[in-house]
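Undergrad: Structure file model-v6.cif, mmCIF, C-alpha atoms, is pasted below:
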data_structure
#
loop_
_atom_site.label_atom_id
_atom_site.label_comp_id
_atom_site.auth_asym_id
_atom_site.auth_seq_id
_atom_site.Cartn_x
_atom_site.Cartn_y
_atom_site.Cartn_z
CA MET A 95 -118.34 176.60 228.63
CA THR A 96 -117.40 173.26 227.42
CA ASP A 97 -114.13 171.51 227.63
CA GLU A 98 -113.72 171.74 223.92
CA GLU A 99 -114.01 175.52 223.97
CA ASP A 100 -111.51 175.74 226.85
CA VAL A 101 -109.00 173.62 224.99
CA SER A 102 -109.36 175.75 221.86
CA ARG A 103 -108.55 178.93 223.80
CA THR A 104 -105.32 177.71 225.42
CA PRO A 105 -102.50 177.41 222.99
CA ALA A 106 -100.73 174.16 222.58
CA PRO A 107 -97.46 174.01 224.49
CA GLU A 108 -95.45 173.83 221.25
CA THR A 109 -97.17 176.90 219.83
CA ALA A 110 -96.61 178.98 222.99
CA THR A 111 -92.91 178.21 223.03
CA ALA A 112 -92.52 179.09 219.35
CA ALA A 113 -94.34 182.40 219.90
CA GLU A 114 -92.21 183.23 222.96
CA THR A 115 -89.04 182.38 221.04
CA SER A 116 -90.16 184.56 218.15
CA LEU A 117 -90.87 187.44 220.58
CA GLU A 118 -87.51 187.01 222.29
CA GLU A 119 -85.71 187.01 218.95
CA SER A 120 -87.58 190.14 217.86
CA PHE A 121 -86.77 191.79 221.19
CA LYS A 122 -83.06 190.90 220.87
CA LYS A 123 -82.99 192.20 217.30
CA LEU A 124 -84.60 195.46 218.43
CA GLN A 125 -82.10 195.77 221.30
CA ALA A 126 -79.19 195.18 218.93
CA GLU A 127 -80.58 197.75 216.48
CA ARG A 128 -81.06 200.23 219.32
CA ASP A 129 -77.49 199.65 220.53
CA SER A 130 -76.17 200.07 217.00
CA LEU A 131 -78.09 203.33 216.52
CA TYR A 132 -76.92 204.58 219.91
CA ASP A 133 -73.29 203.84 218.96
CA GLN A 134 -73.78 205.70 215.67
CA VAL A 135 -75.19 208.74 217.49
CA VAL A 136 -72.31 208.75 219.98
CA ARG A 137 -69.75 208.44 217.17
CA ARG A 138 -71.41 211.21 215.16
CA GLN A 139 -71.40 213.47 218.21
CA ALA A 140 -67.70 212.75 218.77
CA ASP A 141 -66.96 213.33 215.06
CA PHE A 142 -68.82 216.63 215.16
CA GLU A 143 -67.00 217.72 218.32
CA ASN A 144 -63.65 216.86 216.70
CA TYR A 145 -64.66 218.76 213.57
CA ARG A 146 -65.68 221.79 215.62
CA LYS A 147 -62.37 221.81 217.51
CA ARG A 148 -60.39 221.35 214.28
CA ALA A 149 -62.30 224.19 212.61
CA GLU A 150 -61.62 226.49 215.59
CA ARG A 151 -57.93 225.55 215.56
CA ASP A 152 -57.70 226.13 211.79
CA ALA A 153 -59.42 229.51 212.13
CA GLN A 154 -57.00 230.50 214.91
CA ASP A 155 -54.01 229.38 212.82
CA PHE A 156 -55.33 231.39 209.87
CA ARG A 157 -55.73 234.51 212.02
CA GLU A 158 -52.20 234.13 213.40
CA ARG A 159 -50.73 233.66 209.90
CA ALA A 160 -52.63 236.70 208.63
CA GLU A 161 -51.47 238.73 211.61
CA ALA A 162 -47.85 237.59 211.08
CA ASP A 163 -48.07 238.53 207.39
CA LEU A 164 -49.35 242.00 208.29
CA ILE A 165 -46.62 242.52 210.87
CA LEU A 166 -44.00 241.28 208.41
CA ALA A 167 -45.27 243.87 205.92
CA LEU A 168 -44.89 246.60 208.59
CA LEU A 169 -41.28 245.72 209.51
CA PRO A 170 -39.80 247.80 206.66
CA VAL A 171 -41.66 250.79 208.12
CA LEU A 172 -39.98 250.15 211.50
CA ASP A 173 -36.63 249.86 209.71
CA ALA A 174 -37.23 253.18 207.94
CA PHE A 175 -38.00 254.88 211.26
CA GLU A 176 -34.81 253.48 212.78
CA ARG A 177 -32.74 254.71 209.83
CA ALA A 178 -34.40 258.15 210.02
CA LEU A 179 -33.61 258.42 213.73
CA ARG A 180 -29.96 257.43 213.16
CA ALA A 181 -29.63 259.92 210.30
CA LEU A 182 -30.85 262.90 212.30
CA ASN A 183 -28.17 265.15 213.72
CA ASN A 184 -28.35 266.28 217.29
CA THR A 185 -28.89 269.91 216.37
CA ALA A 186 -31.54 272.25 217.74
CA GLN A 187 -33.26 272.28 214.35
CA ASP A 188 -33.58 268.51 214.25
CA GLU A 189 -34.66 268.12 217.90
CA GLU A 190 -38.38 268.79 217.35
CA TYR A 191 -38.40 266.65 214.24
CA ARG A 192 -36.60 263.86 216.15
CA LYS A 193 -39.19 263.96 218.96
CA GLY A 194 -42.04 263.58 216.47
CA VAL A 195 -40.38 260.71 214.61
CA GLU A 196 -39.50 258.97 217.90
CA LEU A 197 -43.10 259.32 219.11
CA ILE A 198 -44.55 257.77 215.94
CA TYR A 199 -41.90 255.03 215.96
CA LYS A 200 -42.61 254.22 219.60
CA GLN A 201 -46.38 254.09 219.02
CA LEU A 202 -45.97 251.69 216.09
CA LEU A 203 -43.46 249.51 217.92
CA ASP A 204 -45.58 249.39 221.10
CA SER A 205 -48.65 248.36 219.09
CA LEU A 206 -46.72 245.54 217.45
CA LEU A 207 -45.17 244.43 220.74
CA LEU A 208 -48.63 244.17 222.28
CA ARG A 209 -49.68 241.83 219.44
CA GLY A 210 -46.77 239.45 220.16
CA LEU A 211 -43.77 240.86 218.27
CA LYS A 212 -40.42 240.57 220.09
CA PRO A 213 -37.02 241.83 218.97
CA VAL A 214 -34.28 239.23 218.61
CA LYS A 215 -31.26 239.88 220.83
CA ALA A 216 -28.16 240.04 218.69
CA LEU A 217 -25.44 242.48 219.71
CA GLY A 218 -22.97 240.81 222.08
CA GLU A 219 -24.72 237.44 221.82
CA LEU A 220 -23.22 234.27 220.41
CA PHE A 221 -24.15 233.75 216.78
CA ASP A 222 -27.24 231.54 216.51
CA PRO A 223 -28.06 230.45 212.95
CA TYR A 224 -31.72 230.03 213.95
CA LEU A 225 -32.01 233.69 215.00
CA HIS A 226 -29.24 235.49 213.14
CA HIS A 227 -28.21 235.78 209.50
CA ALA A 228 -24.48 236.48 209.20
CA VAL A 229 -23.66 238.78 206.32
CA GLU A 230 -19.99 239.20 207.22
CA ARG A 231 -17.33 237.47 209.31
CA ILE A 232 -14.61 239.71 210.71
CA GLU A 233 -11.40 238.37 212.20
CA THR A 234 -10.63 240.00 215.54
CA GLU A 235 -9.16 239.12 218.90
CA GLU A 236 -11.12 241.82 220.72
CA LEU A 237 -14.32 239.79 220.86
CA GLY A 238 -15.10 236.14 221.50
CA ASP A 239 -15.35 233.64 218.69
CA ARG A 240 -18.76 233.68 216.97
CA GLU A 241 -19.85 236.76 218.95
CA VAL A 242 -22.18 239.18 217.16
CA MET A 243 -20.24 242.42 216.85
CA GLU A 244 -22.71 244.53 214.86
CA GLU A 245 -26.40 244.35 214.07
CA LEU A 246 -27.24 245.64 210.61
CA GLN A 247 -30.98 244.94 210.76
CA GLN A 248 -33.14 244.05 213.74
CA GLY A 249 -34.62 240.56 213.79
CA TYR A 250 -38.03 239.70 215.25
CA THR A 251 -40.02 236.77 216.55
CA PHE A 252 -43.81 236.68 216.56
CA LYS A 253 -45.58 234.58 219.18
CA GLY A 254 -42.51 232.41 219.64
CA LYS A 255 -41.78 231.87 215.93
CA LEU A 256 -38.99 233.55 214.00
CA LEU A 257 -40.49 236.19 211.73
CA ARG A 258 -37.25 237.69 210.43
CA PRO A 259 -33.65 236.89 211.44
CA ALA A 260 -31.31 239.67 212.52
CA LEU A 261 -28.70 240.61 209.92
CA VAL A 262 -25.36 240.64 211.74
CA LYS A 263 -21.60 240.83 211.48
CA VAL A 264 -19.88 238.05 213.41
CA ALA A 265 -16.44 238.12 215.05
CA VAL A 266 -14.17 235.14 214.48
CA ARG A 267 -10.77 234.41 215.92
CA PRO A 268 -7.91 234.83 213.46
CA ALA A 269 -6.39 231.60 212.23
CA THR A 270 -3.12 230.89 213.95
CA SER A 271 -0.19 229.70 211.90
CA GLU A 272 1.40 227.05 214.11
CA GLY A 273 4.45 225.21 212.89
CA ASN A 274 5.34 228.04 210.53
CA SER A 275 9.12 228.53 211.10
CA THR A 276 11.48 230.54 208.97
#
Show this structure as structure tokens.

TA:
Amino acid sequence: MTDEEDVSRTPAPETATAAETSLEESFKKLQAERDSLYDQVVRRQADFENYRKRAERDAQDFRERAEADLILALLPVLDAFERALRALNNTAQDEEYRKGVELIYKQLLDSLLLRGLKPVKALGELFDPYLHHAVERIETEELGDREVMEELQQGYTFKGKLLRPALVKVAVRPATSEGNST
């Protein structure tokens, strides 16, 4: 080998540096592209996970609304059973009929209670406009002011939300006529 051949095989110092710089730049560009793609994948995974959770939550909300609508549609049936039981006389003839009606009523009510239905307490409670719907105010001194004195229709909550308010009569203290001298 001659010196000329040896010199032709080794790159000039300027050329080697330019090639190394070009390789480093290409490597940095590839690293940046890889990092960008990795960030996109991570974001897409997070977006998909959020979407999945939102879809599950929406489906659960839909099921609960549908269930509440069905229970709301069944409340008039409960009311009819309650009226039928109140209307029956305590005679021997009505006793067997009463037992059958009570059994069906109890089965329906128990099924609804298991699904999350709860009766609203009304009688003897203080009037709560969020739970009770007052249809009449009666002046009396026998009960406390704003105390529910009669429940006309049972109210219900479903899974912590008011489904139907109780229809009630509310006691109020009579107005006093102070300073009224004759």

Undergrad: On this file, the PyMOL selection byres ((chain A and resi 196-201) around 9) gives some set of residues; write that set as a PDB file with C-alpha atoms, keeping the file's coordinate frame.

TA:
ATOM      1  CA  VAL A 171     -41.660 250.790 208.120  1.00  0.00           C
ATOM      2  CA  LEU A 172     -39.980 250.150 211.500  1.00  0.00           C
ATOM      3  CA  PHE A 175     -38.000 254.880 211.260  1.00  0.00           C
ATOM      4  CA  GLU A 176     -34.810 253.480 212.780  1.00  0.00           C
ATOM      5  CA  LEU A 179     -33.610 258.420 213.730  1.00  0.00           C
ATOM      6  CA  TYR A 191     -38.400 266.650 214.240  1.00  0.00           C
ATOM      7  CA  ARG A 192     -36.600 263.860 216.150  1.00  0.00           C
ATOM      8  CA  LYS A 193     -39.190 263.960 218.960  1.00  0.00           C
ATOM      9  CA  GLY A 194     -42.040 263.580 216.470  1.00  0.00           C
ATOM     10  CA  VAL A 195     -40.380 260.710 214.610  1.00  0.00           C
ATOM     11  CA  LEU A 202     -45.970 251.690 216.090  1.00  0.00           C
ATOM     12  CA  LEU A 203     -43.460 249.510 217.920  1.00  0.00           C
ATOM     13  CA  ASP A 204     -45.580 249.390 221.100  1.00  0.00           C
ATOM     14  CA  SER A 205     -48.650 248.360 219.090  1.00  0.00           C
ATOM     15  CA  LEU A 206     -46.720 245.540 217.450  1.00  0.00           C
TER      16      LEU A 206
END

Undergrad: Would you mind reading off the distance between CA of Ala269 (chain A) and CA of Asp239 (chain A), one decimal, in Å?

TA: 11.2 Å

Undergrad: So the first atom is CA of Val229 (chain A) and the second is CA of Lys255 (chain A); what is the distance between them in Å, to one decimal place?

TA: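 CA of Val229 (chain A) sits 21.6 Å away from CA of Lys255 (chain A).
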
Undergrad: Selection in question (the file shown): the PyMOL selection byres ((chain A and resi 260) around 10). Which residues does it include, as a ChimeraX atom specification?

TA: /A:213-217,222-229,245-250,256-259,261-263

Undergrad: Compile the contact shell of Arg240 (chain A) as a list of chain:residue names: residues with an atom at most 12 Å away, counting all atoms listed in the file, same-chain residues fewer than 2 positions apart removed.

TA: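 Listed by chain and then number, they are A:Ala216, A:Leu217, A:Gly218, A:Glu219, A:Leu220, A:Phe221, A:Asp222, A:Pro223, A:His226, A:Ala228, A:Glu230, A:Arg231, A:Ile232, A:Glu233, A:Thr234, A:Glu235, A:Glu236, A:Leu237, A:Gly238, A:Val242, A:Met243, A:Glu244, A:Val262, A:Lys263, A:Val264, A:Ala265, A:Val266, A:Arg267, A:Pro268.
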
Undergrad: Decode the PyMOL selection byres ((chain A and resi 162-166) around 9) for the given file into explicit residues and return them as a PyMOL selection string.

TA: chain A and resi 157-161+167-170+206+211+252-253+257-258

Undergrad: What is the CA of Gly210 (chain A)-CA of Arg148 (chain A) distance in Å, reported with one decimal?

TA: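 Atom-to-atom, CA of Gly210 (chain A) to CA of Arg148 (chain A), that is 23.4 Å.
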